[in-house]
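> Here you go, this is input_8.pdb (PDB, C-alpha atoms).
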```
ATOM      1  CA  MET A  15     112.961  48.651 138.320
ATOM      2  CA  ARG A  16     111.880  51.298 140.757
ATOM      3  CA  ALA A  17     113.904  53.864 138.817
ATOM      4  CA  LEU A  18     111.922  53.115 135.662
ATOM      5  CA  LYS A  19     108.635  53.997 137.266
ATOM      6  CA  VAL A  20     106.396  55.973 134.944
ATOM      7  CA  LEU A  21     105.915  59.492 136.188
ATOM      8  CA  GLN A  22     102.384  60.695 136.136
ATOM      9  CA  PRO A  23     101.716  64.358 135.531
ATOM     10  CA  VAL A  24     100.694  66.185 138.621
ATOM     11  CA  ILE A  25      98.078  68.857 138.212
ATOM     12  CA  MET A  26      98.138  71.383 140.959
ATOM     13  CA  LEU A  27      95.224  73.735 141.243
ATOM     14  CA  LYS A  28      96.087  77.063 142.734
ATOM     15  CA  ARG A  29      93.520  79.134 144.502
ATOM     16  CA  PRO A  30      93.480  82.790 143.549
ATOM     17  CA  SER A  31      95.148  84.856 146.201
ATOM     18  CA  LEU A  32      95.208  88.525 147.036
ATOM     19  CA  SER A  33      98.513  88.959 145.236
ATOM     20  CA  ASP A  34      96.939  87.638 142.010
ATOM     21  CA  GLY A  35      94.229  90.280 142.264
ATOM     22  CA  LEU A  36      96.804  92.983 142.934
ATOM     23  CA  GLN A  37      98.862  91.886 139.937
ATOM     24  CA  THR A  38      95.803  91.903 137.697
ATOM     25  CA  GLY A  39      94.804  95.327 138.983
ATOM     26  CA  ALA A  40      98.311  96.681 138.451
ATOM     27  CA  PHE A  41      98.289  95.328 134.905
ATOM     28  CA  LEU A  42      94.938  96.967 134.168
ATOM     29  CA  VAL A  43      96.169 100.272 135.603
ATOM     30  CA  LEU A  44      99.274 100.019 133.402
ATOM     31  CA  VAL A  45      97.196  99.327 130.271
ATOM     32  CA  ALA A  46      94.837 102.194 131.086
ATOM     33  CA  GLY A  47      97.794 104.536 131.656
ATOM     34  CA  MET A  48      99.358 103.543 128.344
ATOM     35  CA  ALA A  49      96.050 104.052 126.519
ATOM     36  CA  TRP A  50      95.622 107.468 128.138
ATOM     37  CA  GLY A  51      99.187 108.450 127.223
ATOM     38  CA  LEU A  52      98.685 107.364 123.634
ATOM     39  CA  THR A  53      95.432 109.286 123.187
ATOM     40  CA  ALA A  54      96.757 112.398 124.986
ATOM     41  CA  GLY A  55      99.894 112.332 122.847
ATOM     42  CA  ALA A  56      97.889 111.955 119.653
ATOM     43  CA  GLU A  57      95.688 114.911 120.625
ATOM     44  CA  ASN A  58      98.736 117.083 121.396
ATOM     45  CA  LEU A  59     100.190 116.412 117.950
ATOM     46  CA  GLY A  60      97.471 118.611 116.536
ATOM     47  CA  TYR A  61      97.062 116.501 113.416
ATOM     48  CA  ASN A  62      93.568 115.612 112.320
ATOM     49  CA  TRP A  63      93.211 112.661 110.003
ATOM     50  CA  HIS A  64      90.976 113.373 107.039
ATOM     51  CA  TRP A  65      89.665 109.892 106.384
ATOM     52  CA  SER A  66      87.125 111.264 103.932
ATOM     53  CA  ARG A  67      89.965 111.895 101.472
ATOM     54  CA  VAL A  68      91.272 108.323 101.431
ATOM     55  CA  PRO A  69      88.684 106.670  99.127
ATOM     56  CA  ARG A  70      89.700 108.752  96.107
ATOM     57  CA  TYR A  71      93.212 107.310  96.409
ATOM     58  CA  LEU A  72      91.839 103.775  96.480
ATOM     59  CA  LEU A  73      89.329 103.941  93.633
ATOM     60  CA  TYR A  74      88.209 106.700  91.351
ATOM     61  CA  LYS A  75      85.578 106.962  88.658
ATOM     62  CA  ASN A  76      85.840 108.739  85.326
ATOM     63  CA  PRO A  77      83.605 108.524  82.223
ATOM     64  CA  GLU A  78      85.307 105.241  81.230
ATOM     65  CA  GLY A  79      84.480 103.552  84.539
ATOM     66  CA  TRP A  80      86.137 102.692  87.849
ATOM     67  CA  HIS A  81      89.942 102.650  88.099
ATOM     68  CA  ALA A  82      92.415 101.744  90.808
ATOM     69  CA  GLY A  83      93.863 104.725  92.616
ATOM     70  CA  PRO A  84      97.500 105.259  93.550
ATOM     71  CA  LEU A  85      97.235 103.241  96.765
ATOM     72  CA  LEU A  86      95.892 100.139  95.012
ATOM     73  CA  GLN A  87      98.385 100.558  92.155
ATOM     74  CA  GLY A  88     101.192 100.754  94.719
ATOM     75  CA  LEU A  89      99.875  97.673  96.502
ATOM     76  CA  TRP A  90      99.802  95.730  93.232
ATOM     77  CA  LEU A  91     103.368  96.839  92.363
ATOM     78  CA  THR A  92     104.556  95.820  95.828
ATOM     79  CA  LEU A  93     103.054  92.354  95.389
ATOM     80  CA  GLU A  94     104.699  91.995  91.965
ATOM     81  CA  ILE A  95     108.114  92.984  93.343
ATOM     82  CA  THR A  96     107.631  90.614  96.276
ATOM     83  CA  ALA A  97     106.714  87.645  94.079
ATOM     84  CA  ALA A  98     109.592  88.200  91.660
ATOM     85  CA  SER A  99     112.075  88.728  94.515
ATOM     86  CA  LEU A 100     110.884  85.599  96.307
ATOM     87  CA  VAL A 101     111.535  83.380  93.299
ATOM     88  CA  LEU A 102     114.883  84.956  92.498
ATOM     89  CA  SER A 103     116.026  84.937  96.140
ATOM     90  CA  MET A 104     115.344  81.210  96.384
ATOM     91  CA  LEU A 105     117.492  80.630  93.288
ATOM     92  CA  VAL A 106     120.266  82.853  94.633
ATOM     93  CA  GLY A 107     120.035  81.213  98.056
ATOM     94  CA  LEU A 108     120.153  77.678  96.658
ATOM     95  CA  THR A 109     123.087  78.497  94.388
ATOM     96  CA  THR A 110     125.036  80.167  97.181
ATOM     97  CA  ALA A 111     124.300  77.336  99.616
ATOM     98  CA  LEU A 112     125.575  74.785  97.106
ATOM     99  CA  MET A 113     128.670  76.920  96.534
ATOM    100  CA  ARG A 114     129.298  77.041 100.298
ATOM    101  CA  LEU A 115     129.003  73.256 100.505
ATOM    102  CA  SER A 116     131.192  72.536  97.457
ATOM    103  CA  THR A 117     134.734  71.213  97.648
ATOM    104  CA  SER A 118     136.049  74.013  95.434
ATOM    105  CA  PRO A 119     137.872  76.649  97.482
ATOM    106  CA  MET A 120     137.103  79.223  94.795
ATOM    107  CA  ALA A 121     133.326  78.626  94.989
ATOM    108  CA  ARG A 122     133.366  78.623  98.796
ATOM    109  CA  GLY A 123     135.360  81.857  98.820
ATOM    110  CA  MET A 124     133.061  83.609  96.364
ATOM    111  CA  ALA A 125     130.006  82.535  98.346
ATOM    112  CA  LYS A 126     131.559  83.645 101.619
ATOM    113  CA  VAL A 127     132.472  87.072 100.243
ATOM    114  CA  TYR A 128     128.944  87.520  98.878
ATOM    115  CA  LEU A 129     127.353  86.445 102.162
ATOM    116  CA  GLU A 130     129.586  88.614 104.335
ATOM    117  CA  LEU A 131     129.139  91.633 102.083
ATOM    118  CA  ILE A 132     125.363  91.360 101.835
ATOM    119  CA  ARG A 133     124.594  90.310 105.397
ATOM    120  CA  ASN A 134     126.815  92.981 106.949
ATOM    121  CA  THR A 135     125.373  95.977 105.117
ATOM    122  CA  PRO A 136     121.903  97.417 105.710
ATOM    123  CA  LEU A 137     119.241  96.788 103.084
ATOM    124  CA  LEU A 138     118.627 100.506 102.583
ATOM    125  CA  ILE A 139     122.290 101.057 101.685
ATOM    126  CA  GLN A 140     122.135  98.158  99.219
ATOM    127  CA  ILE A 141     118.989  99.607  97.627
ATOM    128  CA  PHE A 142     120.662 103.008  97.285
ATOM    129  CA  ILE A 143     123.792 101.503  95.711
ATOM    130  CA  ILE A 144     121.834  99.366  93.266
ATOM    131  CA  TYR A 145     119.313 102.073  92.363
ATOM    132  CA  PHE A 146     121.585 105.127  92.194
ATOM    133  CA  VAL A 147     124.867 103.514  91.078
ATOM    134  CA  LEU A 148     124.309 100.211  89.290
ATOM    135  CA  ALA A 149     120.957 100.948  87.643
ATOM    136  CA  PRO A 150     122.172 103.976  85.658
ATOM    137  CA  ILE A 151     125.362 102.158  84.638
ATOM    138  CA  LEU A 152     123.542  98.996  83.541
ATOM    139  CA  ASP A 153     120.467 100.887  82.262
ATOM    140  CA  MET A 154     118.028  99.040  84.579
ATOM    141  CA  ASP A 155     114.499 100.217  85.247
ATOM    142  CA  ARG A 156     113.143 100.804  88.760
ATOM    143  CA  PHE A 157     111.309  97.503  88.956
ATOM    144  CA  LEU A 158     114.388  95.451  88.078
ATOM    145  CA  ALA A 159     116.562  97.430  90.513
ATOM    146  CA  ALA A 160     114.095  96.778  93.338
ATOM    147  CA  VAL A 161     113.839  93.072  92.516
ATOM    148  CA  LEU A 162     117.629  92.733  92.297
ATOM    149  CA  ALA A 163     118.246  94.511  95.613
ATOM    150  CA  LEU A 164     115.645  92.484  97.516
ATOM    151  CA  SER A 165     116.668  89.211  95.875
ATOM    152  CA  LEU A 166     120.347  89.627  96.728
ATOM    153  CA  PHE A 167     119.504  90.594 100.310
ATOM    154  CA  GLU A 168     117.031  87.793 100.969
ATOM    155  CA  GLY A 169     119.083  85.294  98.967
ATOM    156  CA  ALA A 170     121.948  85.659 101.439
ATOM    157  CA  TYR A 171     119.707  84.787 104.355
ATOM    158  CA  ALA A 172     117.998  81.987 102.438
ATOM    159  CA  SER A 173     121.428  80.560 101.618
ATOM    160  CA  GLU A 174     122.318  80.210 105.261
ATOM    161  CA  ILE A 175     118.948  78.674 106.050
ATOM    162  CA  ILE A 176     119.304  76.139 103.229
ATOM    163  CA  ARG A 177     122.920  75.348 104.112
ATOM    164  CA  ALA A 178     122.096  74.849 107.779
ATOM    165  CA  GLY A 179     119.209  72.541 106.878
TER
END
```
Can the structure in the file be given as structure tokens, please?

Amino acid sequence: MRALKVLQPVIMLKRPSLSDGLQTGAFLVLVAGMAWGLTAGAENLGYNWHWSRVPRYLLYKNPEGWHAGPLLQGLWLTLEITAASLVLSMLVGLTTALMRLSTSPMARGMAKVYLELIRNTPLLIQIFIIYFVLAPILDMDRFLAAVLALSLFEGAYASEIIRAG
């Protein structure tokens, strides 16, 4: 019964020592040095940001009223591509995970080839292949090519997550 004794947590309070102060001081010196290096490097680049020009790319006004600028239009397009790719990647991932778990050697083989091909090539290469090779052949627009590339890429990773779960 002595072995089953309930262990109580022990809280040990440590007094600050000189080494703690030195470590804190060294950390602060390191942070200050990094901040100085960053600001000195930015000044040596010689580039001056013209923040006064940014608002016209966010919103602009014409006689018809206010309109979204290129930055907001790009943000909206990015969110549309993301939402469409998310839904499609979940479908691709679920289908591939079920294929990997099936008893059919053909389905398992197809899923394995897809997963190895997609997961072992960089996303940028996949985007280039889909946009510059497949899209002209299949007459796809830019939006569909982007959604397809991202969905296939993320679907492979989602498949492994689903299968492992």
> Please list, as a PyMOL selection string, the residues that have an atom at most 12 Å away from (125.2, 74.9, 100.7) in the coordinates of this file, counting only C-alpha atoms.
chain A and resi 106-117+121-122+125-126+129+170-179
> Kindly save the residues from that selection, with C-alpha atoms included, as an mmCIF file, in the coordinates of the input.

```cif
data_model
loop_
_atom_site.group_PDB
_atom_site.id
_atom_site.type_symbol
_atom_site.label_atom_id
_atom_site.label_comp_id
_atom_site.auth_asym_id
_atom_site.auth_seq_id
_atom_site.Cartn_x
_atom_site.Cartn_y
_atom_site.Cartn_z
ATOM 1 C CA VAL A 106 120.266 82.853 94.633
ATOM 2 C CA GLY A 107 120.035 81.213 98.056
ATOM 3 C CA LEU A 108 120.153 77.678 96.658
ATOM 4 C CA THR A 109 123.087 78.497 94.388
ATOM 5 C CA THR A 110 125.036 80.167 97.181
ATOM 6 C CA ALA A 111 124.300 77.336 99.616
ATOM 7 C CA LEU A 112 125.575 74.785 97.106
ATOM 8 C CA MET A 113 128.670 76.920 96.534
ATOM 9 C CA ARG A 114 129.298 77.041 100.298
ATOM 10 C CA LEU A 115 129.003 73.256 100.505
ATOM 11 C CA SER A 116 131.192 72.536 97.457
ATOM 12 C CA THR A 117 134.734 71.213 97.648
ATOM 13 C CA ALA A 121 133.326 78.626 94.989
ATOM 14 C CA ARG A 122 133.366 78.623 98.796
ATOM 15 C CA ALA A 125 130.006 82.535 98.346
ATOM 16 C CA LYS A 126 131.559 83.645 101.619
ATOM 17 C CA LEU A 129 127.353 86.445 102.162
ATOM 18 C CA ALA A 170 121.948 85.659 101.439
ATOM 19 C CA TYR A 171 119.707 84.787 104.355
ATOM 20 C CA ALA A 172 117.998 81.987 102.438
ATOM 21 C CA SER A 173 121.428 80.560 101.618
ATOM 22 C CA GLU A 174 122.318 80.210 105.261
ATOM 23 C CA ILE A 175 118.948 78.674 106.050
ATOM 24 C CA ILE A 176 119.304 76.139 103.229
ATOM 25 C CA ARG A 177 122.920 75.348 104.112
ATOM 26 C CA ALA A 178 122.096 74.849 107.779
ATOM 27 C CA GLY A 179 119.209 72.541 106.878
#
```
> Between atom CA of Glu130 of chain A and atom CA of Ala159 of chain A, what is the distance, to one decimal in Å?
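According to the coordinates, atom CA of Glu130 of chain A and atom CA of Ala159 of chain A are separated by 20.9 Å.
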> Using all atoms of segment 96-104 of chain A that appear in the file, construct an axis-aligned enclosing box with 6 Å of padding on every side and provide its centre coordinates and edge lengths in Å, rounded to one decimal, as JSON.

```
{"center_x": 111.4, "center_y": 85.9, "center_z": 94.0, "size_x": 21.3, "size_y": 21.4, "size_z": 16.7}
```
> Translate the PyMOL selection byres ((chain A and resi 161-165) around 7), as applied to the file shown, into an explicit residue set as a list in words.
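This file gives the following for the PyMOL selection byres ((chain A and resi 161-165) around 7): Ile95, Ala98, Ser99, Leu100, Leu102, Ser103, Gln140, Ile141, Ile144, Phe157, Leu158, Ala159, Ala160, Leu166, Phe167, Glu168 and Gly169 of chain A.
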> Separation of atom CA of Gly47 of chain A and atom CA of Leu59 of chain A, in Å?
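Straight-line distance from atom CA of Gly47 of chain A to atom CA of Leu59 of chain A works out to 18.3 Å.
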> Just how far from atom CA of Ala82 of chain A is atom CA of Arg70 of chain A, in Å to one decimal?
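Computing it gives 9.2 Å between the two atoms.
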> Please evaluate the PyMOL selection byres ((chain A and resi 83-87) around 7) against the displayed coordinates and give the resulting residues as a list in words.
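Checking the PyMOL selection byres ((chain A and resi 83-87) around 7) against this file, the residues are Arg70, Tyr71, Leu72, Leu73, Tyr74, His81, Ala82, Gly88, Leu89, Trp90 and Leu91 of chain A.
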